[in-house]
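Shown next: model09.csv, containing CSV, C-alpha atoms.
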chain,number,residue,atom,x,y,z
O,1479,VAL,CA,0.0,0.0,0.0
O,1480,VAL,CA,2.9,2.4,0.7
O,1481,ALA,CA,4.4,1.7,-2.7
O,1482,LEU,CA,1.1,2.4,-4.4
O,1483,ALA,CA,0.9,5.7,-2.5
O,1484,ASP,CA,4.4,6.6,-3.5
O,1485,ALA,CA,3.7,5.7,-7.1
O,1486,ALA,CA,0.6,7.9,-7.2
O,1487,ALA,CA,2.5,10.8,-5.6
O,1488,ALA,CA,5.1,10.5,-8.4
O,1489,GLY,CA,2.4,10.7,-11.1
O,1490,GLU,CA,2.5,7.1,-12.1
O,1491,THR,CA,-0.7,5.3,-13.2
O,1492,VAL,CA,-2.2,3.1,-10.5
O,1493,PRO,CA,-5.1,0.6,-10.6
O,1494,GLY,CA,-8.7,1.6,-10.1
O,1495,ASP,CA,-10.3,-1.6,-8.9
O,1496,PHE,CA,-12.3,0.2,-6.1
O,1497,THR,CA,-14.7,3.1,-6.1
O,1498,LEU,CA,-13.4,5.5,-3.5
O,1499,GLY,CA,-14.9,8.6,-1.8
O,1500,TRP,CA,-13.7,10.9,0.9
O,1501,HIS,CA,-15.3,13.3,3.3
O,1502,ASN,CA,-13.7,15.3,6.1
O,1503,ASP,CA,-14.5,18.1,8.6
O,1504,TYR,CA,-12.4,20.4,10.7
O,1505,LEU,CA,-12.8,20.9,14.5
O,1506,LYS,CA,-10.8,22.6,17.1
O,1507,ALA,CA,-8.5,20.3,19.1
O,1508,GLN,CA,-6.4,20.8,22.2
O,1509,THR,CA,-3.4,20.9,20.0
O,1510,GLY,CA,-3.7,21.6,16.3
O,1511,THR,CA,-6.8,20.8,14.3
O,1512,PHE,CA,-8.9,17.6,14.6
O,1513,VAL,CA,-9.9,16.2,11.2
O,1514,PRO,CA,-12.6,13.5,11.4
O,1515,PHE,CA,-13.0,11.7,8.1
O,1516,VAL,CA,-15.1,9.1,6.3
O,1517,VAL,CA,-13.7,6.9,3.5
O,1518,PHE,CA,-16.3,5.3,1.2
O,1519,ILE,CA,-15.1,2.0,-0.4
O,1520,GLU,CA,-16.9,-0.2,-2.9
O,1521,ALA,CA,-15.1,-3.1,-4.7
O,1522,LYS,CA,-15.8,-3.4,-8.4
O,1523,ASN,CA,-15.1,-7.1,-8.2
O,1524,PRO,CA,-17.7,-8.8,-5.8
O,1525,GLN,CA,-15.2,-11.5,-5.0
O,1526,VAL,CA,-13.0,-9.1,-3.1
O,1527,GLU,CA,-14.0,-9.5,0.6
O,1528,ALA,CA,-11.2,-7.9,2.6
O,1529,ALA,CA,-8.7,-5.1,2.1
O,1530,LEU,CA,-6.2,-2.7,3.7
O,1531,LEU,CA,-6.9,1.0,3.9
O,1532,TYR,CA,-3.9,3.3,4.0
O,1533,VAL,CA,-4.4,7.1,4.7
O,1534,ARG,CA,-1.5,9.5,4.5
O,1535,ALA,CA,-1.2,13.2,4.9
O,1536,ALA,CA,2.0,14.8,3.6
O,1537,ARG,CA,2.9,18.5,3.9
O,1538,SER,CA,2.3,20.2,0.6
O,1539,ARG,CA,5.4,21.8,-0.9
O,1540,GLY,CA,3.7,23.4,-3.9
O,1541,ALA,CA,3.2,26.8,-2.2
O,1542,ASP,CA,6.6,26.9,-0.6
O,1543,ALA,CA,8.6,30.0,-1.7
O,1544,GLY,CA,12.0,28.4,-1.1
O,1545,ASP,CA,11.1,25.4,-3.4
O,1546,SER,CA,10.0,27.9,-6.2
O,1547,ARG,CA,13.3,29.7,-6.0
O,1548,ASP,CA,15.3,26.5,-6.1
O,1549,ARG,CA,13.4,25.3,-9.2
O,1550,ALA,CA,14.0,28.6,-10.9
O,1551,ARG,CA,17.7,28.3,-10.3
O,1552,GLY,CA,17.7,24.7,-11.6
O,1553,ARG,CA,18.2,23.2,-8.2
O,1554,ARG,CA,16.3,20.1,-7.0
O,1555,PRO,CA,14.4,20.8,-3.7
O,1556,PRO,CA,15.5,18.8,-0.7
O,1557,PRO,CA,13.7,15.5,-0.2
O,1558,PRO,CA,10.9,15.5,2.3
O,1559,ALA,CA,11.7,14.4,5.9
O,1560,VAL,CA,11.2,10.8,6.8
O,1561,GLY,CA,7.8,10.1,8.1
O,1562,TYR,CA,4.5,12.0,7.6
O,1563,PRO,CA,2.3,14.2,9.9
O,1564,PHE,CA,-0.3,11.4,9.7
O,1565,GLU,CA,-0.3,7.8,8.2
O,1566,GLU,CA,-2.3,4.8,9.3
O,1567,ILE,CA,-3.3,1.4,8.0
O,1568,TYR,CA,-6.7,-0.1,8.8
O,1569,PRO,CA,-8.2,-3.5,8.0
O,1570,VAL,CA,-11.5,-3.4,6.1
O,1571,THR,CA,-14.2,-6.0,5.6
O,1572,LEU,CA,-16.1,-5.5,2.4
O,1573,VAL,CA,-19.7,-6.2,1.5
O,1574,PRO,CA,-20.3,-7.3,-2.1
O,1575,GLY,CA,-22.3,-4.8,-4.1
O,1576,GLN,CA,-22.4,-2.2,-1.2
O,1577,PRO,CA,-20.2,0.7,-0.3
O,1578,VAL,CA,-18.5,0.5,3.1
O,1579,ARG,CA,-17.9,3.5,5.4
O,1580,ILE,CA,-14.7,3.7,7.4
O,1581,THR,CA,-14.8,6.6,9.9
O,1582,ARG,CA,-11.6,7.7,11.7
O,1583,GLY,CA,-9.8,10.9,12.6
O,1584,CYS,CA,-6.4,12.6,12.9
O,1585,SER,CA,-4.9,15.7,14.3
O,1586,LEU,CA,-2.9,18.0,12.0
O,1587,SER,CA,-1.2,21.4,12.3
O,1588,PRO,CA,-2.7,24.2,10.3
O,1589,GLY,CA,-1.6,24.3,6.6
O,1590,ARG,CA,-1.9,22.6,3.3
O,1591,TYR,CA,-1.5,18.8,2.9
O,1592,GLU,CA,-1.5,16.3,0.1
O,1593,LEU,CA,-3.9,13.5,1.1
O,1594,THR,CA,-3.4,10.0,-0.3
O,1595,VAL,CA,-5.8,7.2,0.3
O,1596,VAL,CA,-4.9,3.6,-0.9
O,1597,VAL,CA,-7.1,0.5,-0.8
O,1598,ARG,CA,-5.6,-2.8,-1.6
O,1599,GLU,CA,-7.1,-6.3,-1.5
O,1600,ARG,CA,-5.6,-8.5,1.2
O,1601,GLU,CA,-3.8,-11.7,0.3
O,1602,ARG,CA,-6.0,-14.8,-0.1
O,1603,GLN,CA,-5.1,-18.5,-0.6
O,1604,ASP,CA,-7.5,-18.8,-3.6
O,1605,ALA,CA,-6.3,-15.6,-5.2
O,1606,ARG,CA,-2.6,-16.4,-5.4
O,1607,GLY,CA,-1.1,-15.8,-8.8
O,1608,ARG,CA,-3.3,-12.9,-9.8
O,1609,ARG,CA,-2.8,-9.1,-9.2
O,1610,ARG,CA,-4.5,-8.0,-6.0
O,1611,ALA,CA,-7.2,-5.3,-6.6
O,1612,ALA,CA,-6.2,-1.8,-5.6
O,1613,ALA,CA,-7.1,1.9,-6.0
O,1614,VAL,CA,-5.7,5.2,-5.0
O,1615,PHE,CA,-7.4,8.5,-4.3
O,1616,ARG,CA,-5.6,11.9,-3.8
O,1617,GLN,CA,-6.7,15.4,-2.9
O,1618,THR,CA,-5.5,18.5,-1.2
O,1619,LEU,CA,-6.5,19.4,2.4
O,1620,ASP,CA,-6.4,23.0,3.6
O,1621,VAL,CA,-6.4,22.7,7.4
O,1622,PRO,CA,-7.6,25.8,9.2
O,1623,ASP,CA,-6.0,27.4,12.2
O,1624,PHE,CA,-8.2,27.3,15.3
O,1625,THR,CA,-5.5,28.9,17.6
O,1626,VAL,CA,-7.1,32.3,16.7
O,1627,THR,CA,-9.0,34.1,19.5
O,1628,ASP,CA,-11.6,35.7,17.2
O,1629,LEU,CA,-15.1,34.3,16.8
O,1630,THR,CA,-15.0,31.2,14.5
O,1631,THR,CA,-16.7,27.9,13.9
O,1632,SER,CA,-15.9,24.3,12.9
O,1633,THR,CA,-17.0,23.0,9.6
O,1634,VAL,CA,-20.8,23.1,9.2
O,1635,ILE,CA,-21.5,19.3,9.0
O,1636,LEU,CA,-24.3,17.9,6.9
O,1637,ALA,CA,-25.6,15.0,8.8
O,1638,ASP,CA,-27.9,12.0,8.4
O,1639,ALA,CA,-28.6,11.8,12.1
O,1640,LEU,CA,-27.6,13.4,15.5
O,1641,ALA,CA,-27.9,11.0,18.4
O,1642,VAL,CA,-27.8,11.8,22.1
O,1643,LEU,CA,-25.5,9.2,23.9
O,1644,PRO,CA,-26.4,7.7,27.2
O,1645,ALA,CA,-22.7,7.7,28.1
O,1646,THR,CA,-19.4,9.0,26.5
O,1647,PRO,CA,-17.5,6.1,24.8
O,1648,GLY,CA,-14.1,5.2,26.1
O,1649,GLU,CA,-10.9,6.1,24.4
O,1650,PRO,CA,-10.5,2.8,22.4
O,1651,GLU,CA,-14.0,3.2,21.0
O,1652,LEU,CA,-13.6,6.9,20.3
O,1653,SER,CA,-10.8,6.2,17.8
O,1654,GLU,CA,-13.5,4.6,15.6
O,1655,ARG,CA,-16.1,7.2,16.4
O,1656,PRO,CA,-14.5,10.6,15.7
O,1657,TYR,CA,-17.8,12.3,15.3
O,1658,VAL,CA,-18.7,12.0,19.0
O,1659,ILE,CA,-19.0,15.6,20.3
O,1660,GLY,CA,-19.6,15.7,24.0
O,1661,ASP,CA,-22.8,13.6,24.7
O,1662,ARG,CA,-23.8,13.6,21.0
O,1663,GLU,CA,-22.7,11.7,18.0
O,1664,VAL,CA,-23.0,13.0,14.4
O,1665,GLN,CA,-23.5,10.7,11.5
O,1666,PRO,CA,-22.2,12.6,8.5
O,1667,ALA,CA,-24.3,12.5,5.4
O,1668,THR,CA,-23.1,10.4,2.5
O,1669,ASP,CA,-23.4,13.4,0.1
O,1670,SER,CA,-25.2,16.7,-0.2
O,1671,GLN,CA,-28.2,15.3,-2.1
O,1672,PHE,CA,-31.4,14.8,-0.2
O,1673,ARG,CA,-35.0,13.7,-1.0
O,1674,PRO,CA,-38.1,15.8,0.0
O,1675,SER,CA,-39.0,13.0,2.4
O,1676,GLU,CA,-35.7,13.6,4.4
O,1677,GLU,CA,-34.6,16.1,6.9
O,1678,LEU,CA,-31.7,18.5,6.4
O,1679,ILE,CA,-29.6,18.3,9.6
O,1680,VAL,CA,-26.7,20.7,10.1
O,1681,VAL,CA,-24.3,20.7,13.1
O,1682,PHE,CA,-21.4,22.9,14.0
O,1683,LEU,CA,-19.4,24.3,16.9
O,1684,VAL,CA,-19.0,28.0,17.7
O,1685,TYR,CA,-15.6,28.9,19.3
O,1686,ASN,CA,-14.5,32.1,21.1
O,1687,PRO,CA,-17.6,34.1,21.8
O,1688,ALA,CA,-17.0,37.2,23.9
O,1689,VAL,CA,-17.5,36.6,27.7
O,1690,THR,CA,-17.9,39.4,30.2
O,1691,PRO,CA,-16.3,39.4,33.6
O,1692,ALA,CA,-19.7,38.4,34.9
O,1693,LYS,CA,-19.5,35.3,32.6
O,1694,HIS,CA,-22.2,36.5,30.3
O,1695,PHE,CA,-22.2,35.6,26.6
O,1696,ASP,CA,-24.9,35.9,24.0
O,1697,LEU,CA,-24.9,34.3,20.5
O,1698,GLU,CA,-27.6,34.5,17.8
O,1699,VAL,CA,-27.5,32.1,14.9
O,1700,GLU,CA,-29.7,32.7,11.8
O,1701,TYR,CA,-30.4,30.1,9.0
O,1702,HIS,CA,-31.5,31.4,5.6
O,1703,PHE,CA,-32.1,29.3,2.4
O,1704,PHE,CA,-31.6,30.4,-1.2
O,1705,ARG,CA,-32.7,28.5,-4.2
O,1706,LYS,CA,-31.0,28.6,-7.6
O,1707,SER,CA,-33.2,30.7,-9.9
O,1708,ARG,CA,-35.2,29.4,-12.8
O,1709,ALA,CA,-36.5,31.4,-15.7
O,1710,GLY,CA,-38.9,34.1,-14.6
O,1711,GLU,CA,-37.8,33.9,-11.0
O,1712,GLU,CA,-35.3,36.7,-11.0
O,1713,GLY,CA,-35.3,39.0,-8.0
O,1714,PRO,CA,-34.7,38.8,-4.2
O,1715,GLY,CA,-37.8,36.6,-3.6
O,1716,PRO,CA,-40.6,37.0,-1.1
O,1717,ASN,CA,-40.0,37.8,2.5
O,1718,ALA,CA,-36.3,38.4,2.0
O,1719,PRO,CA,-35.0,40.1,5.2
O,1720,ALA,CA,-32.9,43.3,4.9
O,1721,GLY,CA,-29.2,42.6,4.7
O,1722,VAL,CA,-29.6,39.1,3.5
O,1723,ALA,CA,-29.1,39.3,-0.3
O,1724,PRO,CA,-29.0,36.4,-2.8
O,1725,LEU,CA,-26.0,35.8,-5.0
O,1726,PRO,CA,-26.3,36.2,-8.8
O,1727,GLY,CA,-28.6,33.4,-10.1
O,1728,GLU,CA,-30.3,32.8,-6.7
O,1729,ARG,CA,-33.6,33.6,-5.2
O,1730,TYR,CA,-34.4,33.9,-1.5
O,1731,PHE,CA,-36.5,30.9,-0.4
O,1732,ASN,CA,-37.2,30.9,3.4
O,1733,ARG,CA,-35.6,30.9,6.8
O,1734,THR,CA,-36.1,29.3,10.2
O,1735,GLU,CA,-36.4,31.1,13.6
O,1736,PRO,CA,-33.0,32.3,14.9
O,1737,GLN,CA,-31.3,30.4,17.7
O,1738,ARG,CA,-30.0,32.1,20.9
O,1739,PHE,CA,-27.2,30.7,23.1
O,1740,ASN,CA,-26.5,32.4,26.5
O,1741,PRO,CA,-26.3,31.4,30.1
O,1742,VAL,CA,-30.1,31.4,30.5
O,1743,ILE,CA,-30.4,28.7,27.8
O,1744,LEU,CA,-27.2,26.7,28.3
O,1745,GLY,CA,-27.1,27.0,32.1
O,1746,PRO,CA,-24.9,29.0,34.5
O,1747,ASN,CA,-22.2,26.3,34.5
O,1748,PHE,CA,-21.5,26.6,30.8
O,1749,ASP,CA,-18.3,28.6,30.3
O,1750,PRO,CA,-17.0,29.4,26.8
O,1751,ALA,CA,-14.1,31.2,28.4
O,1752,ALA,CA,-12.9,27.8,29.7
O,1753,GLY,CA,-12.8,26.4,26.2
O,1754,GLN,CA,-16.3,24.9,26.0
O,1755,PRO,CA,-17.6,25.3,22.4
O,1756,VAL,CA,-21.3,26.1,21.7
O,1757,LEU,CA,-23.0,23.2,19.7
O,1758,ALA,CA,-25.4,24.7,17.2
O,1759,GLY,CA,-27.5,23.3,14.4
O,1760,GLN,CA,-30.9,22.5,13.2
O,1761,GLY,CA,-33.0,19.8,11.6
O,1762,VAL,CA,-35.2,21.1,8.7
O,1763,PRO,CA,-37.8,18.9,7.0
O,1764,LEU,CA,-37.5,19.2,3.3
O,1765,ALA,CA,-41.1,18.3,2.4
O,1766,GLY,CA,-41.7,21.9,1.4
O,1767,PHE,CA,-38.6,22.3,-0.7
O,1768,PRO,CA,-39.2,21.9,-4.4
O,1769,GLU,CA,-36.5,20.0,-6.3
O,1770,GLY,CA,-33.5,22.2,-7.0
O,1771,GLU,CA,-30.2,23.4,-5.9
O,1772,TYR,CA,-30.0,25.4,-2.6
O,1773,ARG,CA,-27.6,27.3,-0.5
O,1774,LEU,CA,-27.9,27.5,3.3
O,1775,PHE,CA,-26.6,30.8,4.6
O,1776,VAL,CA,-25.7,30.7,8.3
O,1777,LYS,CA,-25.0,33.9,10.2
O,1778,VAL,CA,-23.5,33.8,13.7
O,1779,THR,CA,-23.6,37.0,15.6
O,1780,ASP,CA,-21.9,37.7,18.9
O,1781,LEU,CA,-24.3,40.1,20.5
O,1782,VAL,CA,-21.8,41.0,23.3
O,1783,ALA,CA,-18.9,41.8,21.0
O,1784,GLY,CA,-21.0,43.2,18.2
O,1785,ARG,CA,-19.4,41.0,15.5
O,1786,SER,CA,-20.6,38.3,13.2
O,1787,LEU,CA,-19.4,35.7,10.7
O,1788,GLU,CA,-21.0,33.8,7.8
O,1789,ARG,CA,-20.9,30.2,6.6
O,1790,HIS,CA,-22.4,28.7,3.4
O,1791,VAL,CA,-23.5,25.1,2.6
O,1792,ALA,CA,-24.7,23.9,-0.8
O,1793,PHE,CA,-27.2,21.1,-1.1
O,1794,THR,CA,-29.6,19.6,-3.6
O,1795,VAL,CA,-33.2,18.4,-3.2
O,1796,ARG,CA,-34.0,15.6,-5.7
O,1797,GLN,CA,-36.4,12.7,-5.9
Represent the structure contained in this file as structure tokens.
Amino acid sequence: VVALADAAAAGETVPGDFTLGWHNDYLKAQTGTFVPFVVFIEAKNPQVEAALLYVRAARSRGADAGDSRDRARGRRPPPPAVGYPFEEIYPVTLVPGQPVRITRGCSLSPGRYELTVVVRERERQDARGRRRAAAVFRQTLDVPDFTVTDLTTSTVILADALAVLPATPGEPELSERPYVIGDREVQPATDSQFRPSEELIVVFLVYNPAVTPAKHFDLEVEYHFFRKSRAGEEGPGPNAPAGVAPLPGERYFNRTEPQRFNPVILGPNFDPAAGQPVLAGQGVPLAGFPEGEYRLFVKVTDLVAGRSLERHVAFTVRQ
């Protein structure tokens, strides 16, 4: 698996015997940034029953100014240091004809990384003498910096479900359940396409709200929906509030009631100044959403500090 990753990084052609997909999010960690991720694996050959999954994150050198100067002078850049910020191998049991979800996580320092995911069939007695099935997936990760003290948020996660846990899992179990947040567990959505019979669930964490010496904080979160315009639908749309404008090619669709987070709602023992993030989110039934492409506009306002930020999530409603 490591040789396949090296070959893909060198630009060599590698097999494509699996359909691979990747999803990740970014959350604040005690050190660095926590990156929970999901790998979707489906074997094109139904006889493949077991595989190894290799995930590697290497520091990207493409934007390094020193490397650019060396290349301009005809010098070869120095080789990368031995080892990688993250690399792990996981055994995988496959289900014929069905995609398998492998959920894990890692901690990375802020910056740009080249992600490499390799899946290779495990050795079998009845498969000796033939090439083992394999596939490689590569993409860039831009890991944000959560060491800032300004108001910020985690990724806005699209979820299939949000469950309340009776007890927090232990450390060994948490390694396989990286989307456990406090006493809740998020099941990330497979993709951003939903049916009208489903519910759109969004979950995210808000970091660094202003807290007064009296331990008062106050956040307001707004959720606005825009729909991609069709012929004859130009304009802001009905009931569009002031200050919330559609992008070109969009029309305002609707909104939900704003959420408030303060000591009255979260309790007097909740203390963002001690590092506790605010868990925000909503579940919105899509029965009233006609088929089409949508953008969820999330606005988080710190009413104590008088500052706000915006987040945007695209999704599609389709039968």
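Computed from the coordinates, the CA of Val1578 in chain O to CA of Leu1764 in chain O distance equals 26.7 Å.
The shortest atom-to-atom distance to Pro1691 in chain O, with all atoms listed in the file taken into account, belongs to O:Asp1749 out of O:Glu1592, O:Asp1749, O:Glu1654, O:Glu1735.
For the set O:Gly1589, O:Gly1575, O:Gly1583, O:Pro1647, the residue with the smallest atom-to-atom gap to Leu1505 in chain O is O:Gly1583, counting all atoms listed in the file.
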Using all atoms listed in the file, which protein or nucleic acid residues come within 6 Å of Val1597 in chain O? Drop anything in the same chain fewer than 5 positions from it, and give the result as a VMD selection string.
chain O and resid 1530 to 1531 1612 to 1613
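For the choices O:Leu1697, O:Val1621, O:Ala1765, O:Val1570, the atom-to-atom distance to Pro1674 in chain O is smallest for O:Ala1765 when using all atoms listed in the file.
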Contacts of Ala1529 in chain O at 9 Å or less, counting only C-alpha atoms, minus same-chain residues fewer than 3 places along, as a ChimeraX atom specification?
/O:1526,1568-1572,1597-1601,1611-1612
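Distance-wise, CA of Ala1720 in chain O and CA of Gln1760 in chain O end up 22.5 Å apart.
Minimum distance to Val1516 in chain O across O:Ala1641, O:Val1795, O:Val1664, O:Val1684 (counting all atoms listed in the file) occurs at O:Val1664.
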Within 7 Å of (-30.4, 30.0, -11.8), only C-alpha atoms: residues as an MDAnalysis selection string?
chainID O and resid 1706:1708 1727:1728
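Here CA of Asp1623 in chain O is placed at a distance of 18.7 Å from CA of His1790 in chain O.
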Excluding Leu1725 in chain O and residues on its chain fewer than 6 positions from it, collect all residues at most 10 Å away from it, counting all atoms listed in the file, and give them as a VMD selection string.
chain O and resid 1704 to 1706 1714 1773
So which residues fall inside 12 Å of (-42.4, 23.9, 1.3) if we count only C-alpha atoms? Mind giving them as JSON, numbers by chain?
{"O": [1674, 1675, 1703, 1731, 1732, 1733, 1762, 1763, 1764, 1765, 1766, 1767, 1768, 1769, 1795]}
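Of the residues listed (O:Glu1520, O:Glu1700, O:Asp1495, O:Asp1484), O:Glu1700 shows the shortest atom-to-atom separation from Ser1786 in chain O; distances use only C-alpha atoms.
Here the question is which of O:Leu1482, O:Val1658, O:Leu1636, O:Ala1792 gets nearest to Thr1581 in chain O using all atoms listed in the file, and that residue is O:Val1658.
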I want to know what sits within 12 Å of Gln1576 in chain O, based on all atoms listed in the file, with residues of the same chain fewer than 5 positions away left out; could you give that as a PyMOL selection string?
chain O and resi 1496-1497+1518-1524+1526-1527+1571
Give me, as a PDB file with C-alpha atoms, keeping the file's coordinate frame, all polymer residues having an atom no more than 8 Å from Arg1582 in chain O, counting all atoms listed in the file and skipping those fewer than 3 positions away in the same chain.
ATOM      1  CA  PRO O1514     -12.600  13.500  11.400  1.00  0.00           C
ATOM      2  CA  PHE O1515     -13.000  11.700   8.100  1.00  0.00           C
ATOM      3  CA  VAL O1516     -15.100   9.100   6.300  1.00  0.00           C
ATOM      4  CA  SER O1653     -10.800   6.200  17.800  1.00  0.00           C
ATOM      5  CA  GLU O1654     -13.500   4.600  15.600  1.00  0.00           C
ATOM      6  CA  ARG O1655     -16.100   7.200  16.400  1.00  0.00           C
ATOM      7  CA  PRO O1656     -14.500  10.600  15.700  1.00  0.00           C
TER       8      PRO O1656
END
Return as lines of an AutoDock Vina configuration file the centre and edge lengths, in Å with one decimal, of the box along x, y and z that encloses every atom of range 1495-1504 of chain O in the file, padded by 6 Å per side.
center_x = -12.8
center_y = 9.4
center_z = 0.9
size_x = 17.0
size_y = 34.0
size_z = 31.6
